[in-house]
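Novice: First, the structure itself, so that you have it in front of you.
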Amino acid sequence: MMLVEEAMTPAAKCRRMAEMLRAKADKESDPEARAEWKCIARGYLILATQFERNGSKDIILPTIREIDEKVI
């Protein structure tokens, strides 16, 4: 049995994540935190658009550790 999320395209996964983050932002009482959640959601929408343009079939994102190593 295939889960719904497994059948989703990378763009659809990004759009779904953006919706979840936007909902989290809407519930946030702290204006700074709300703005951060909205910014992250916008990033996922941009990524979704890029997937649609490029026709990518899979999403491979770096791990938090890989990102941290580049920053340090």
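Residue numbers start at 1 in each chain; chains themselves are named A, B, ... in the order of the structure tokens; ligands are numbered from 1 in the order shown.
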Write out as a VMD selection string the residues lying within 10 Å of A:Glu19, counting only C-alpha atoms and excluding same-chain residues fewer than 2 positions away.
Specialist: chain A and resid 13 to 17 21 to 25 38 41 to 42 44 to 45
Novice: What gap, in Å, lies between atom CA of A:Gln50 and atom CA of A:Ala12?
Specialist: 11.6 Å
Novice: Between atom CA of A:Ala11 and atom CA of A:Leu47, what is the distance, to one decimal in Å?
Specialist: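 Atom CA of A:Ala11 sits 7.3 Å away from atom CA of A:Leu47.
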